[in-house]
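Written out below as C-alpha cells is the structure these notes cover.
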There are 4 protein chains.
Amino acid sequence: MDKPKIIAVIGGGQCTKKEARLAEEVGRELARRGAVLVCGGLGGVMEAACRGAGAEGGTTIGILPGEDSHAANPHVQIPIATGLGYARNIAVVRSGRAVIAVGGSYGTLSEIGYALQGGTPVIGLKTWSLSRNGRNDNSIIPAQSPAEAVAKALELASGKGKK
Amino acid sequence: MDKPKIIAVIGGGQCTKKEARLAEEVGRELARRGAVLVCGGLGGVMEAACRGAGAEGGTTIGILPGEDSHAANPHVQIPIATGLGYARNIAVVRSGRAVIAVGGSYGTLSEIGYALQGGTPVIGLKTWSLSRNGRNDNSIIPAQSPAEAVAKALELASGKGKK
Amino acid sequence: MDKPKIIAVIGGGQCTKKEARLAEEVGRELARRGAVLVCGGLGGVMEAACRGAGAEGGTTIGILPGEDSHAANPHVQIPIATGLGYARNIAVVRSGRAVIAVGGSYGTLSEIGYALQGGTPVIGLKTWSLSRNGRNDNSIIPAQSPAEAVAKALELASGKGKK
Amino acid sequence: MDKPKIIAVIGGGQCTKKEARLAEEVGRELARRGAVLVCGGLGGVMEAACRGAGAEGGTTIGILPGEDSHAANPHVQIPIATGLGYARNIAVVRSGRAVIAVGGSYGTLSEIGYALQGGTPVIGLKTWSLSRNGRNDNSIIPAQSPAEAVAKALELASGKGKK
C-alpha cells in the first residue's frame with residue numbers, strides 16, 4: 001500500500017475572511033486528492049484548512065506548540081502536543097513533502113525559511129515574497145487559486161526524493 | 001464524534017525478542033480497543049508496537065528525531081519528521097494521554113521523566129524502576145501483561161482531565 | 001552591577017569575503033561597546049563575528065545545532081551544544097535583545113521570522129528584504145555599516161522592555 | 001588558551017534547605033576550580049548553585065525554558081532564553097562535559113536520562129537511583145559531598161573525548 005502524501009498548510013493564527021476561504025478550499029482539495037494535511041493545529045488559516053479537509057473526509061494532523069492537546073482547533077483529528085513552543089514550526093514543515101502558505105505573518109515566515117532551507121517546495125497564496133541583498137528570490141512558487149496550489153504541491157511532492 | 005484516544009508506546013530502538021513480543025501485543029491490543037498509537041517511529045520496541053497495531057487495522061504515528069520521513073519503520077502510517085533530535089522525546093510523551101513503557105534504556109528514561117513531570121500516567125512492562133534519595137518512587141505503574149498495560153493505560157487516559 | 005547586553009548576530013554558515021569583513025567588524029564593535037555576542041556557533045558569518053569580538057576582548061556564545069561542543073568555531077568561548085538541530089535557531093534569536101543579520105540564506109530567514117514574531121528588533125546588513133502580499137514590509141531596519149548596525153542594535157535593545 | 005570546562009548542575013526548581021546548601025557549595029567549588037556553570041536558569045537548586053558560583057567570581061549560564069531572559073534567577077550572568085519549554089533540558093545537559101545532580105524531581109530525571117543516553121557522566125548528590133527490569137543500574141556516580149561531586153565531575157570531564 002502506498003502511504004498517503006502529507007502536505008503542510010501554513011499561515012496566520014488569525015486571518016482575513018478571504019484567507020480563510022482560500023485555506024478552507026486548499027484543505028478540501030487536499031482531501032479530495034487523498035493527501036493528509038499537517039498544520040500547526042491552531043486557529044485562523046490552520047483551522048480553516050482543517051475544516052475544509054474534514055468536510056471532505058480527509059485526515060488532519062495538528063502539531064501544537066503547547067503541552068495540551070485540547071488547544072487544537074476542533075477539526076484536528078490527530079493532535080500532536082509538543083511542548084516545544086514555536087520551535088514546533090520546524091516539525092510542521094519537515095513533516096510535509098510540500099508546503100502551501102496562505103497569507104501569514106512572521107511565524108509563517110520562519111516556516112518558509114525552514115522549508116526552503118531543507119529543500120521542501122513552498123507554494124504561496126497571497127503570502128510573503130522575498131528578495132536577498134536587492135535581488136528577487138523566486139523560491140516561493142506562486143499559485144493563483146487553491147486548486148492550482150494543491151496541484152503544484154502534489155506534483156512537487158512526488159519529485160521530492162528524500163521523502 | 002469522539003476523538004480517538006492517543007496512547008504513547010516507548011522503549012528501546014533495539015530490544016530483545018521478548019520485549020518485541022510484548023510491544024507487538026501492546027500494539028495489537030491498542031488497535032483492537034480503538035486507540036491511536038504514537039511512538040518515536042524508529043526500530044525495536046517502536047517498530048514491534050507499530051507492526052502489532054497495523055496488523056489489527058490501527059493507526060500509527062511516528063515522531064521522528066531526524067528530518068527524513070523515510071527513516072520511519074515500515075509500520076508507521078503517519079511519519080512526523082521533526083528535525084529536533086532527541087528533543088522529540090518530549091513531543092512523543094506529550095502527545096499521549098498515557099504512556100506504556102516496554103523495556104528501554106536511557107532515552108526511554110528521559111521520556112518517563114517527561115511524562116511524570118507533565119502528569120501523564122506511565123505503565124511499565126519490564127522497564128525502569130525508580131527511587132529518589134533512598135525511597136522508592138512508585139509512579140511507574142507496573143503491569144504483568146500487554147493486555148493489563150493497555151487496560152490500565154486506557155482507564156487512566158480517561159481520567160486525564162487536561163487532554 | 002548591570003548585566004551585559006546580549007546581541008545576536010546571524011548569517012550564513014558560508015559567506016562571501018565581503019560579508020565576513022562586515023561580520024568581523026560587527027563583532028569588534030559589539031565587543032568595544034561591552035556587549036556579549038550570541039550566534040549559532042558555526043562558520044561563515046558566525047565565525048567572522050566571533051573572531052572580531054574575541055580580538056577586542058569580548059565574550060562570545062555559540063548555540064550549536066549538534067550534540068558536540070567541538071563543532072563550534074574556534075572563536076566561540078562558551079559553546080552551548082543543544083542537540084536540537086535547526087530548532088536551535090529560535091534559541092539564538094530569543095537570547096538576543098536585538099539581532100544583526102549579515103547576508104544569510106534560508107536559515108537566516110527563519111531566524112529573522114522568529115525575531116520579528118517575538119518582537120525583537122532586527123538590523124540588516126546586505127540581507128533579506130520582505131514584502132507581504134504585494135506590500136513592502138519594513139520591519140528589517142537597514143544599516144549602511146557595521147558601526148551603524150551595532151549602534152542601532154544597542155539603542156533598540158535598551159528599549160526592549162521584556163528583556 | 002584552554003577553554004574553561006563547562007559543568008551542568010541540575011535539580012529541582014524548588015528544593016529543601018539542605019539541597020540548597022549542597023547546591024550552593026557545588027557552585028562555589030566549581031568556580032574555585034575555574035569551571036563554568038551551566039544550568040536551567042530558574043530557582044531552587046539552579047539558583048543556589050548560581051549564587052555559590054557567583055560568590056566566588058565564577059561564570060554562570062542559565063538555559064531558560066521560556067522566551068524572556070528576565071525569568072532567570074538573579075545570579076545567572078548569561079541567560080539563554082530558548083522558548084523551547086522543557087525541551088531545553090537536553091540543551092542543559094548536552095552543554096556540560098559532566099553533570100552534577102542535586103536532589104531533583106521528574107524534570108531532573110529526564111535530564112539524567114538524556115545525559116546517560118549521550119554518554120555524559122552524571123554525579124549524584126541525594127538524587128535518583130535507578131534499576132532496570134529488576135537489576136540495579138549504577139550509572140549515576142554517587143558523591144558524599146559537594147567537593148567530592150565537583151572533583152569527580154572535573155576528572156570525568158577531562159576524559160570525555162568528544163567535548
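Chain identifiers are assigned as A, B, and so on, following the order in which chains appear in the C-alpha cells; residues are numbered from 1 within each chain, and ligands are numbered from 1 in order of appearance.
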Using only C-alpha atoms, what does the table of chain B residues within 7 Å of chain C look like, with each row giving the shortest atom pair and its distance in Å to one decimal, sorted by chain and ascending number, as CSV?
residue,atom,partner,partner_atom,distance
B:Gly83,CA,C:Gly85,CA,6.0
B:Leu84,CA,C:Leu84,CA,4.7
B:Gly85,CA,C:Leu84,CA,5.5
B:Ala87,CA,C:Leu84,CA,6.4
Put those residues in a file: all heavy atoms, as an mmCIF file, in the first residue's frame.
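New file out.cif:
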data_model
loop_
_atom_site.group_PDB
_atom_site.id
_atom_site.type_symbol
_atom_site.label_atom_id
_atom_site.label_comp_id
_atom_site.auth_asym_id
_atom_site.auth_seq_id
_atom_site.Cartn_x
_atom_site.Cartn_y
_atom_site.Cartn_z
ATOM 1 N N GLY B 83 13.189 16.900 12.936
ATOM 2 C CA GLY B 83 14.484 17.579 12.904
ATOM 3 C C GLY B 83 14.966 18.037 14.266
ATOM 4 O O GLY B 83 15.894 18.835 14.366
ATOM 5 N N LEU B 84 14.347 17.554 15.334
ATOM 6 C CA LEU B 84 14.648 18.049 16.683
ATOM 7 C C LEU B 84 15.602 17.150 17.447
ATOM 8 O O LEU B 84 15.865 17.414 18.625
ATOM 9 C CB LEU B 84 13.355 18.140 17.500
ATOM 10 C CG LEU B 84 12.374 19.215 17.076
ATOM 11 C CD1 LEU B 84 11.010 18.919 17.662
ATOM 12 C CD2 LEU B 84 12.865 20.587 17.517
ATOM 13 N N GLY B 85 16.100 16.104 16.820
ATOM 14 C CA GLY B 85 16.928 15.171 17.572
ATOM 15 C C GLY B 85 16.129 14.566 18.715
ATOM 16 O O GLY B 85 14.903 14.417 18.652
ATOM 17 N N ALA B 87 15.255 15.771 21.378
ATOM 18 C CA ALA B 87 14.257 16.655 21.971
ATOM 19 C C ALA B 87 12.862 16.254 21.523
ATOM 20 O O ALA B 87 11.875 16.646 22.140
ATOM 21 C CB ALA B 87 14.530 18.107 21.601
#
Apply DSSP to the structure's backbone, then extract all residues of segment 75-158 of chain A labelled strand (DSSP E or B) and return them as number ranges by chain. A: 78-81, 98-102, 122-125, 128-132, 135-137, 140-142
So that I can check the surroundings of segment 146-158 of chain D, please list as number ranges by chain every protein, DNA and RNA residue that reaches within 9 Å of it, counting only C-alpha atoms and ignoring chain neighbours fewer than 3 positions away. D: 5-7, 22-27, 29-30, 33, 35, 96-100, 120-125, 141-143, 161, 163
Filtering to N, CA, C and O atoms, could you give me those residues as a CSV table (one decimal), in the first residue's frame?
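Produced file part36.csv, reproduced below:
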chain,number,residue,atom,x,y,z
D,5,LYS,N,36.2,24.5,31.4
D,5,LYS,CA,35.3,23.4,31.4
D,5,LYS,C,33.9,23.8,31.8
D,5,LYS,O,33.8,24.5,32.8
D,6,ILE,N,32.9,23.4,31.1
D,6,ILE,CA,31.5,23.7,31.4
D,6,ILE,C,30.9,22.5,32.1
D,6,ILE,O,31.0,21.4,31.5
D,7,ILE,N,30.4,22.7,33.3
D,7,ILE,CA,29.8,21.6,34.0
D,7,ILE,C,28.3,22.0,34.3
D,7,ILE,O,28.0,23.1,34.7
D,22,LEU,N,23.7,22.3,49.7
D,22,LEU,CA,24.6,21.4,48.8
D,22,LEU,C,24.9,22.1,47.5
D,22,LEU,O,26.0,22.1,47.0
D,23,ALA,N,23.8,22.6,46.9
D,23,ALA,CA,24.0,23.2,45.5
D,23,ALA,C,24.8,24.4,45.5
D,23,ALA,O,25.7,24.6,44.7
D,24,GLU,N,24.6,25.2,46.6
D,24,GLU,CA,25.5,26.4,46.7
D,24,GLU,C,26.9,26.1,46.8
D,24,GLU,O,27.8,26.7,46.2
D,25,GLU,N,27.2,25.1,47.6
D,25,GLU,CA,28.6,24.7,47.8
D,25,GLU,C,29.2,24.0,46.5
D,25,GLU,O,30.3,24.2,46.1
D,26,VAL,N,28.3,23.3,45.7
D,26,VAL,CA,28.8,22.8,44.4
D,26,VAL,C,29.1,24.0,43.5
D,26,VAL,O,30.2,24.0,42.9
D,27,GLY,N,28.3,25.0,43.5
D,27,GLY,CA,28.6,26.2,42.7
D,27,GLY,C,29.9,26.9,43.1
D,27,GLY,O,30.7,27.3,42.3
D,29,GLU,N,32.5,25.6,44.7
D,29,GLU,CA,33.6,24.7,44.3
D,29,GLU,C,33.9,24.7,42.8
D,29,GLU,O,35.1,24.8,42.4
D,30,LEU,N,32.9,24.7,42.0
D,30,LEU,CA,33.1,24.8,40.6
D,30,LEU,C,33.8,26.1,40.2
D,30,LEU,O,34.8,26.1,39.4
D,33,ARG,N,37.5,26.2,41.2
D,33,ARG,CA,38.3,25.4,40.3
D,33,ARG,C,38.3,25.8,38.8
D,33,ARG,O,38.7,25.1,38.0
D,35,ALA,N,35.8,26.2,36.7
D,35,ALA,CA,34.8,25.7,35.7
D,35,ALA,C,33.7,26.8,35.5
D,35,ALA,O,33.4,27.6,36.4
D,96,GLY,N,27.1,20.5,29.1
D,96,GLY,CA,28.1,20.2,30.1
D,96,GLY,C,29.0,19.0,29.7
D,96,GLY,O,28.5,18.1,29.1
D,97,ARG,N,30.2,19.1,30.2
D,97,ARG,CA,31.1,17.9,30.0
D,97,ARG,C,30.9,16.9,31.0
D,97,ARG,O,31.3,15.7,30.9
D,98,ALA,N,30.2,17.3,32.1
D,98,ALA,CA,29.8,16.4,33.1
D,98,ALA,C,28.5,17.0,33.8
D,98,ALA,O,28.3,18.2,33.6
D,99,VAL,N,27.7,16.2,34.5
D,99,VAL,CA,26.5,16.7,35.1
D,99,VAL,C,26.5,16.4,36.6
D,99,VAL,O,26.9,15.3,36.9
D,100,ILE,N,26.2,17.4,37.4
D,100,ILE,CA,26.0,17.1,38.8
D,100,ILE,C,24.6,17.3,39.2
D,100,ILE,O,24.0,18.4,39.0
D,120,THR,N,27.4,11.3,28.7
D,120,THR,CA,27.9,12.4,29.6
D,120,THR,C,27.8,11.8,31.1
D,120,THR,O,26.8,11.4,31.5
D,121,PRO,N,29.0,11.9,31.8
D,121,PRO,CA,28.9,11.4,33.2
D,121,PRO,C,28.0,12.2,34.1
D,121,PRO,O,27.9,13.4,34.0
D,122,VAL,N,27.3,11.4,35.0
D,122,VAL,CA,26.4,12.1,35.9
D,122,VAL,C,26.8,11.7,37.4
D,122,VAL,O,27.0,10.5,37.7
D,123,ILE,N,27.1,12.8,38.2
D,123,ILE,CA,27.4,12.6,39.6
D,123,ILE,C,26.2,13.0,40.4
D,123,ILE,O,25.6,14.0,40.2
D,124,GLY,N,25.9,12.2,41.4
D,124,GLY,CA,24.6,12.4,42.1
D,124,GLY,C,24.9,12.7,43.6
D,124,GLY,O,25.6,12.1,44.3
D,125,LEU,N,24.2,13.8,44.1
D,125,LEU,CA,24.1,14.1,45.5
D,125,LEU,C,22.7,14.0,45.9
D,125,LEU,O,21.8,14.8,45.6
D,141,ILE,N,26.9,8.2,39.4
D,141,ILE,CA,28.0,8.1,40.3
D,141,ILE,C,27.8,8.8,41.6
D,141,ILE,O,27.6,10.0,41.6
D,142,PRO,N,27.7,8.1,42.7
D,142,PRO,CA,27.3,8.8,43.9
D,142,PRO,C,28.5,9.6,44.5
D,142,PRO,O,29.7,9.3,44.3
D,143,ALA,N,28.2,10.8,45.1
D,143,ALA,CA,29.2,11.6,45.8
D,143,ALA,C,28.6,11.8,47.2
D,143,ALA,O,27.4,11.9,47.4
D,161,GLY,N,36.0,12.4,25.7
D,161,GLY,CA,36.7,12.7,24.4
D,161,GLY,C,36.0,13.7,23.5
D,161,GLY,O,36.6,14.6,22.9
D,163,LYS,N,34.0,16.1,23.8
D,163,LYS,CA,34.0,17.6,24.0
D,163,LYS,C,35.3,18.0,24.5
D,163,LYS,O,35.7,19.1,24.6
Near Cys15 of chain D, counting only C-alpha atoms, which residues have an atom at most 9 Å away, once you skip same-chain residues fewer than 2 positions from it, shown as a ChimeraX atom specification? /D:11-13,17-20,43-45,103-104
Got time to write the residues from that selection, N, CA and C atoms, as an mmCIF file, in the first residue's frame?
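Result saved to out_17.cif:
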data_model
loop_
_atom_site.group_PDB
_atom_site.id
_atom_site.type_symbol
_atom_site.label_atom_id
_atom_site.label_comp_id
_atom_site.auth_asym_id
_atom_site.auth_seq_id
_atom_site.Cartn_x
_atom_site.Cartn_y
_atom_site.Cartn_z
ATOM 1 N N GLY D 11 18.733 19.986 39.072
ATOM 2 C CA GLY D 11 17.993 19.725 40.306
ATOM 3 C C GLY D 11 16.699 20.507 40.283
ATOM 4 N N GLY D 12 15.915 20.365 41.317
ATOM 5 C CA GLY D 12 14.575 20.912 41.316
ATOM 6 C C GLY D 12 14.502 22.434 41.324
ATOM 7 N N GLY D 13 13.469 22.955 40.688
ATOM 8 C CA GLY D 13 13.177 24.387 40.737
ATOM 9 C C GLY D 13 12.682 24.807 42.110
ATOM 10 N N LYS D 17 16.069 23.156 52.140
ATOM 11 C CA LYS D 17 17.215 23.974 52.556
ATOM 12 C C LYS D 17 18.521 23.194 52.454
ATOM 13 N N LYS D 18 18.432 21.926 52.777
ATOM 14 C CA LYS D 18 19.644 21.109 52.712
ATOM 15 C C LYS D 18 20.154 20.996 51.273
ATOM 16 N N GLU D 19 19.219 20.765 50.341
ATOM 17 C CA GLU D 19 19.628 20.695 48.933
ATOM 18 C C GLU D 19 20.214 22.033 48.473
ATOM 19 N N ALA D 20 19.612 23.123 48.927
ATOM 20 C CA ALA D 20 20.136 24.438 48.532
ATOM 21 C C ALA D 20 21.562 24.627 49.052
ATOM 22 N N GLY D 43 14.835 28.706 39.680
ATOM 23 C CA GLY D 43 15.033 28.763 41.121
ATOM 24 C C GLY D 43 15.563 27.476 41.727
ATOM 25 N N GLY D 44 15.381 27.344 43.050
ATOM 26 C CA GLY D 44 15.737 26.110 43.741
ATOM 27 C C GLY D 44 17.216 25.780 43.634
ATOM 28 N N VAL D 45 17.496 24.561 43.246
ATOM 29 C CA VAL D 45 18.883 24.107 43.121
ATOM 30 C C VAL D 45 19.662 24.963 42.125
ATOM 31 N N GLY D 103 19.506 16.363 44.378
ATOM 32 C CA GLY D 103 18.082 16.128 44.590
ATOM 33 C C GLY D 103 17.356 16.023 43.264
ATOM 34 N N GLY D 104 16.219 16.695 43.167
ATOM 35 C CA GLY D 104 15.537 16.769 41.874
ATOM 36 C C GLY D 104 14.312 15.882 41.777
#
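Atom CA of Ala53 of chain A sits 5.1 Å away from atom CA of Ala31 of chain A.
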Can you tell me, as a short mmCIF file (atom, residue, chain, number, x, y, z; two decimals) with C-alpha atoms, in the first residue's frame, what residues are no more than 12 Å from Ser131 of chain B when counting only C-alpha atoms, ignoring any on the same chain fewer than 2 positions away?
data_model
loop_
_atom_site.label_atom_id
_atom_site.label_comp_id
_atom_site.auth_asym_id
_atom_site.auth_seq_id
_atom_site.Cartn_x
_atom_site.Cartn_y
_atom_site.Cartn_z
CA TRP B 128 12.83 1.10 34.80
CA SER B 129 12.06 1.38 38.47
CA ASN B 133 17.17 9.80 47.71
CA GLY B 134 16.79 6.26 49.05
CA ARG B 135 12.99 6.00 48.91
CA ASN B 136 11.06 4.00 46.35
CA ASP B 137 9.12 6.09 43.88
CA ASN B 138 6.11 4.12 42.70
CA SER B 139 4.98 6.46 39.95
CA ILE B 140 5.56 3.92 37.22
CA GLY D 103 18.08 16.13 44.59
CA GLY D 104 15.54 16.77 41.87
CA SER D 105 12.19 15.54 40.67
CA TYR D 106 10.92 14.22 37.33
CA LEU D 109 15.11 12.55 35.85
CA LYS D 126 20.98 12.78 47.18
CA THR D 127 19.28 12.24 43.87
CA TRP D 128 17.62 9.45 41.88
CA SER D 129 18.81 5.90 41.79
CA LEU D 130 17.80 3.51 39.09
CA SER D 131 17.12 -0.09 38.40
CA ARG D 132 16.15 -1.60 35.11
CA ASN D 136 20.46 -2.06 39.72
CA ASP D 137 21.84 0.41 37.22
#
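Here atom CA of Ile10 of chain D stands at a distance of 28.2 Å from atom CA of Gly58 of chain C.
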Asn89 of chain C environment, 10 Å, only C-alpha atoms, sequence neighbours closer than 3 positions dropped, as a ChimeraX atom specification: /A:87,90,110,114 /C:10,39-40,63-65,84-86,92-94,107-108,110-112,114-115 /D:82
Using only C-alpha atoms, which of D:Leu42, D:Ala8, D:Ala49, D:Val76 sits nearest Arg21 of chain D? D:Ala49
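From atom CA of Gly62 of chain D back to atom CA of Ile80 of chain D, the distance works out to 5.9 Å.
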Which of segment 15-114 of chain D counts as helix (DSSP H, G or I) under DSSP, as an NGL selection string please? :D and (17-32 or 45-55 or 69-71 or 85-95 or 106-114)
